[in-house]
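Scroll down for the structure; my scribbles are underneath it.
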Number of protein chains: 2
Amino acid sequence: MTSTASTASADLLRRAEDGDIAATSMLMTALEADTDRAREIRTEVHRAGGNAHVIGITGPAGSGKSVLVGSLVRELRSRGKRVGVVAVDPSSSISGGAILGDRIRMQGLTMDPFVFMRSMSSRGWLGGVSRATVDVVAVLDATGWDTVIVETVGVGQAEVEIVSIAHTVAVVSVPGLGDDIQAIKAGLLEVADVHVVNKSDLPEANKTASELTSMLMLSMQDSGWNVPVLSTAGLEGQGVPELVDTFEKHLDWLRSSGEYDRRERRAAEARISATARDLLIERLRGSGENQGFVDAVDDVVARRRDPYDAALGLIASL
Amino acid sequence: MTSTASTASADLLRRAEDGDIAATSMLMTALEADTDRAREIRTEVHRAGGNAHVIGITGPAGSGKSVLVGSLVRELRSRGKRVGVVAVDPSSSISGGAILGDRIRMQGLTMDPFVFMRSMSSRGWLGGVSRATVDVVAVLDATGWDTVIVETVGVGQAEVEIVSIAHTVAVVSVPGLGDDIQAIKAGLLEVADVHVVNKSDLPEANKTASELTSMLMLSMQDSGWNVPVLSTAGLEGQGVPELVDTFEKHLDWLRSSGEYDRRERRAAEARISATARDLLIERLRGSGENQGFVDAVDDVVARRRDPYDAALGLIASL
């Protein structure tokens, strides 16, 4: 750690810790662009991490997550927390990933220097959680942000993999989103540390809450944490103070039960595996120029070999 | 191809081609359970494939995809097609993946020997499309099913990756599902070959259809295929014959434009890469027993090394 580059990286990190938002953004940009300094920065960032409470907020489209996140930010700020928000946005390249960020910005939170927000594309890596998202969370964690909220839209893989970066996962439901919601609830039951019925002023809110409670009882796992079902509503953030209390209670439980360490290990396993997978595939495909890979694709398209056979052959040639 | 095992596999395939549903299921089960015969079956199935029109139907929860798929099946049957339906169900292990299948079954289609349906869990592999799903589609393709419909629930990765197995992707929207829908539409614009506004009897249907049309004009790619916006409604399948006409037109275009071959290559690339990735990770983690991997996780959790460094070290040790 004597080179100029790593000294510069450590310096950038210190400036970010002191609240320099430009330095924070530079760290994130360097990691995302994978510049020469990315590797040192990643090392420094990882070394300095492990302090923030990372909260995943997930649920289907139309459940009002963005408004809820705005209320959460205000509540956390009133408790003196520095709050980072990372909105994972499925709109990908076309919208420039700006839709969710814009919406949060409209809630008048960006003037606060202790609120940091960023929208990320949802492609790739740990299911729907992109590598860039993981890096952004790591930078916030390493530079003094007390709470980092990761908001994901959609159902399925993305939500399941959010457990790889969040300590506490809240699954948001909303009354009357149609029949498919049953399927979603079932799929998300296993990842939720907290259930939130948002828009609880809608007619069928009680029904949704009691359905969730029943499903939770059926699938009861004896982890020592009873997954609560909370209700929230509206721009005024009704129920949000109780939700933040619950998040804090969950973090206390994680720490006292040893579950915190188990989740840290699970996150490390997921991140090492995903990185190794990326690096190996890069080598295998050789940025699309590896003749062995091109030949394998030819064989599969011509149905001379099946994909499994072709993959085995490529690995043997590594 | 002289061993008894491969002869048995070829025989099973022939029986499945002759319409023996039990044989079809046995092929799928053997692949999913990864039995000793899986490798021969995979080879035989891949060799015999490349005939079915694989149609992906995707869109957010609550858009009425399952009812629409039921109507599509009836329309395709009336045109004499053998139709397979694979519903990718995010409810995963808890519900046993049965919810969507149950719903389709209730529509009275399972008495028809030329309709095959299966629900699959959505975990893993090509984004939200599981390896088992890819195998089930391959078996149907290899055994004489003319059209295979793959229905996925949710937004984000799953839908994007569906392009890896479908020739034609229809994205289903529904009027008034809330603001997040904007984000979804943007994210799905790039994968849609056909847009469907379902429940088009709802008040804001025209608004949804014209918003979609505007977004399509803004992002216009000059591929030679003009992505149409169609409307469907109700249990009676209003608009469904036109939708099936459009699917057939799209397949004709794929074939005549050379895009069919490009998609076959893309699918092969995705399947080879995903398989190689799985095989490599298996070796790396050694089913959780590899001491090198355990040590790497220890180092990352203790913040002595970052995940990237740990992954590099593991790969070097392969």
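Letters for chains follow the order of the structure tokens (A, B, ...), residue numbers begin at 1 for each chain, and ligand numbers begin at 1 in the order shown.
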(request) Considering only C-alpha atoms, return as a ChimeraX atom specification whatever protein or nucleic-acid residues lie within 7 Å of Val297 (chain B), sequence-local ones (same chain, fewer than 6 positions apart) excluded. (result) /A:265,268-269
Restricting it to N, CA and C atoms, dump the selection as a short mmCIF file (atom, residue, chain, number, x, y, z; two decimals), in the first residue's frame.
```cif
data_model
loop_
_atom_site.label_atom_id
_atom_site.label_comp_id
_atom_site.auth_asym_id
_atom_site.auth_seq_id
_atom_site.Cartn_x
_atom_site.Cartn_y
_atom_site.Cartn_z
N ARG A 265 -21.52 -14.08 5.98
CA ARG A 265 -20.88 -15.20 5.26
C ARG A 265 -21.62 -15.48 3.96
N ALA A 268 -20.76 -12.90 1.45
CA ALA A 268 -19.39 -13.09 0.94
C ALA A 268 -19.37 -14.23 -0.07
N GLU A 269 -20.04 -15.33 0.25
CA GLU A 269 -20.10 -16.47 -0.68
C GLU A 269 -20.70 -16.06 -2.01
#
```
(request) Write out as a ChimeraX atom specification which residues come within 12 Å of region 72-83 of chain A when counting only C-alpha atoms, dropping same-chain ones fewer than 4 positions away. (result) /A:17,19,52-55,57,65-68,104-105,107-110,112-118,137,140-141,143-151,170,232-245,247-248
(request) Determine the nearest neighbour of chain B from the options A:Leu27, A:Ile41, A:Leu12, A:Leu230, counting only C-alpha atoms. (result)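 The shortest atom-to-atom distance to chain B comes from A:Ile41.
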(message) Taking 2 positions as the minimum chain separation for residues in the same chain, which residues sit within 12 Å of Ser317 (chain B) when counting only C-alpha atoms? Answer as number ranges by chain.
(response) A: 276; B: 283-285, 290-293, 296, 310-315
Could you turn the residues from that selection into a file that holds N, CA, C and O atoms, as an mmCIF file, in the first residue's frame?
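Below is the file that was written, part10.cif:
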```cif
data_model
loop_
_atom_site.group_PDB
_atom_site.id
_atom_site.type_symbol
_atom_site.label_atom_id
_atom_site.label_comp_id
_atom_site.auth_asym_id
_atom_site.auth_seq_id
_atom_site.Cartn_x
_atom_site.Cartn_y
_atom_site.Cartn_z
ATOM 1 N N ALA A 276 -16.157 -14.683 -9.457
ATOM 2 C CA ALA A 276 -15.415 -15.770 -10.091
ATOM 3 C C ALA A 276 -16.094 -16.188 -11.391
ATOM 4 O O ALA A 276 -15.439 -16.408 -12.413
ATOM 5 N N ARG B 283 -17.140 -26.635 -9.480
ATOM 6 C CA ARG B 283 -15.760 -27.036 -9.178
ATOM 7 C C ARG B 283 -15.144 -26.132 -8.134
ATOM 8 O O ARG B 283 -14.432 -26.574 -7.242
ATOM 9 N N LEU B 284 -15.407 -24.841 -8.266
ATOM 10 C CA LEU B 284 -14.814 -23.845 -7.381
ATOM 11 C C LEU B 284 -15.275 -24.045 -5.949
ATOM 12 O O LEU B 284 -14.495 -24.000 -5.004
ATOM 13 N N ARG B 285 -16.560 -24.210 -5.787
ATOM 14 C CA ARG B 285 -17.117 -24.315 -4.444
ATOM 15 C C ARG B 285 -17.039 -25.747 -3.934
ATOM 16 O O ARG B 285 -17.140 -25.974 -2.728
ATOM 17 N N ASN B 290 -14.948 -27.344 -0.452
ATOM 18 C CA ASN B 290 -13.621 -26.931 -0.878
ATOM 19 C C ASN B 290 -12.999 -25.969 0.141
ATOM 20 O O ASN B 290 -13.492 -24.862 0.351
ATOM 21 N N GLN B 291 -11.904 -26.394 0.751
ATOM 22 C CA GLN B 291 -11.303 -25.586 1.818
ATOM 23 C C GLN B 291 -10.843 -24.221 1.299
ATOM 24 O O GLN B 291 -10.938 -23.224 2.007
ATOM 25 N N GLY B 292 -10.381 -24.186 0.050
ATOM 26 C CA GLY B 292 -9.956 -22.916 -0.532
ATOM 27 C C GLY B 292 -11.098 -21.906 -0.559
ATOM 28 O O GLY B 292 -10.908 -20.728 -0.254
ATOM 29 N N PHE B 293 -12.287 -22.382 -0.895
ATOM 30 C CA PHE B 293 -13.440 -21.497 -0.947
ATOM 31 C C PHE B 293 -13.823 -21.033 0.457
ATOM 32 O O PHE B 293 -14.092 -19.848 0.686
ATOM 33 N N ALA B 296 -11.461 -18.417 1.558
ATOM 34 C CA ALA B 296 -11.719 -17.152 0.867
ATOM 35 C C ALA B 296 -12.880 -16.409 1.524
ATOM 36 O O ALA B 296 -12.823 -15.191 1.737
ATOM 37 N N ALA B 310 -10.405 -12.264 -3.727
ATOM 38 C CA ALA B 310 -10.635 -13.645 -3.316
ATOM 39 C C ALA B 310 -11.003 -14.512 -4.522
ATOM 40 O O ALA B 310 -10.513 -15.641 -4.656
ATOM 41 N N ALA B 311 -11.835 -13.964 -5.413
ATOM 42 C CA ALA B 311 -12.243 -14.714 -6.609
ATOM 43 C C ALA B 311 -11.050 -14.976 -7.522
ATOM 44 O O ALA B 311 -10.872 -16.088 -8.025
ATOM 45 N N LEU B 312 -10.209 -13.956 -7.695
ATOM 46 C CA LEU B 312 -9.002 -14.122 -8.513
ATOM 47 C C LEU B 312 -8.123 -15.239 -7.960
ATOM 48 O O LEU B 312 -7.600 -16.074 -8.705
ATOM 49 N N GLY B 313 -7.938 -15.243 -6.640
ATOM 50 C CA GLY B 313 -7.113 -16.261 -5.997
ATOM 51 C C GLY B 313 -7.662 -17.663 -6.231
ATOM 52 O O GLY B 313 -6.921 -18.600 -6.532
ATOM 53 N N LEU B 314 -8.971 -17.795 -6.113
ATOM 54 C CA LEU B 314 -9.606 -19.102 -6.307
ATOM 55 C C LEU B 314 -9.427 -19.601 -7.736
ATOM 56 O O LEU B 314 -9.136 -20.772 -7.961
ATOM 57 N N ILE B 315 -9.609 -18.684 -8.682
ATOM 58 C CA ILE B 315 -9.477 -19.084 -10.083
ATOM 59 C C ILE B 315 -8.049 -19.538 -10.381
ATOM 60 O O ILE B 315 -7.833 -20.539 -11.068
#
```
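Using only C-alpha atoms for every distance, the candidate list B:Leu218, B:Ser223, B:Pro175, B:Met26 yields B:Pro175 as the residue closest to Leu202 (chain B).
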(request) Kindly indicate which residue among B:Arg15, B:Arg263, B:Arg42, B:Arg37 lies nearest to chain A, using only C-alpha atoms for the distances. (result)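 Nearest candidate to chain A out of B:Arg15, B:Arg263, B:Arg42, B:Arg37: B:Arg42.
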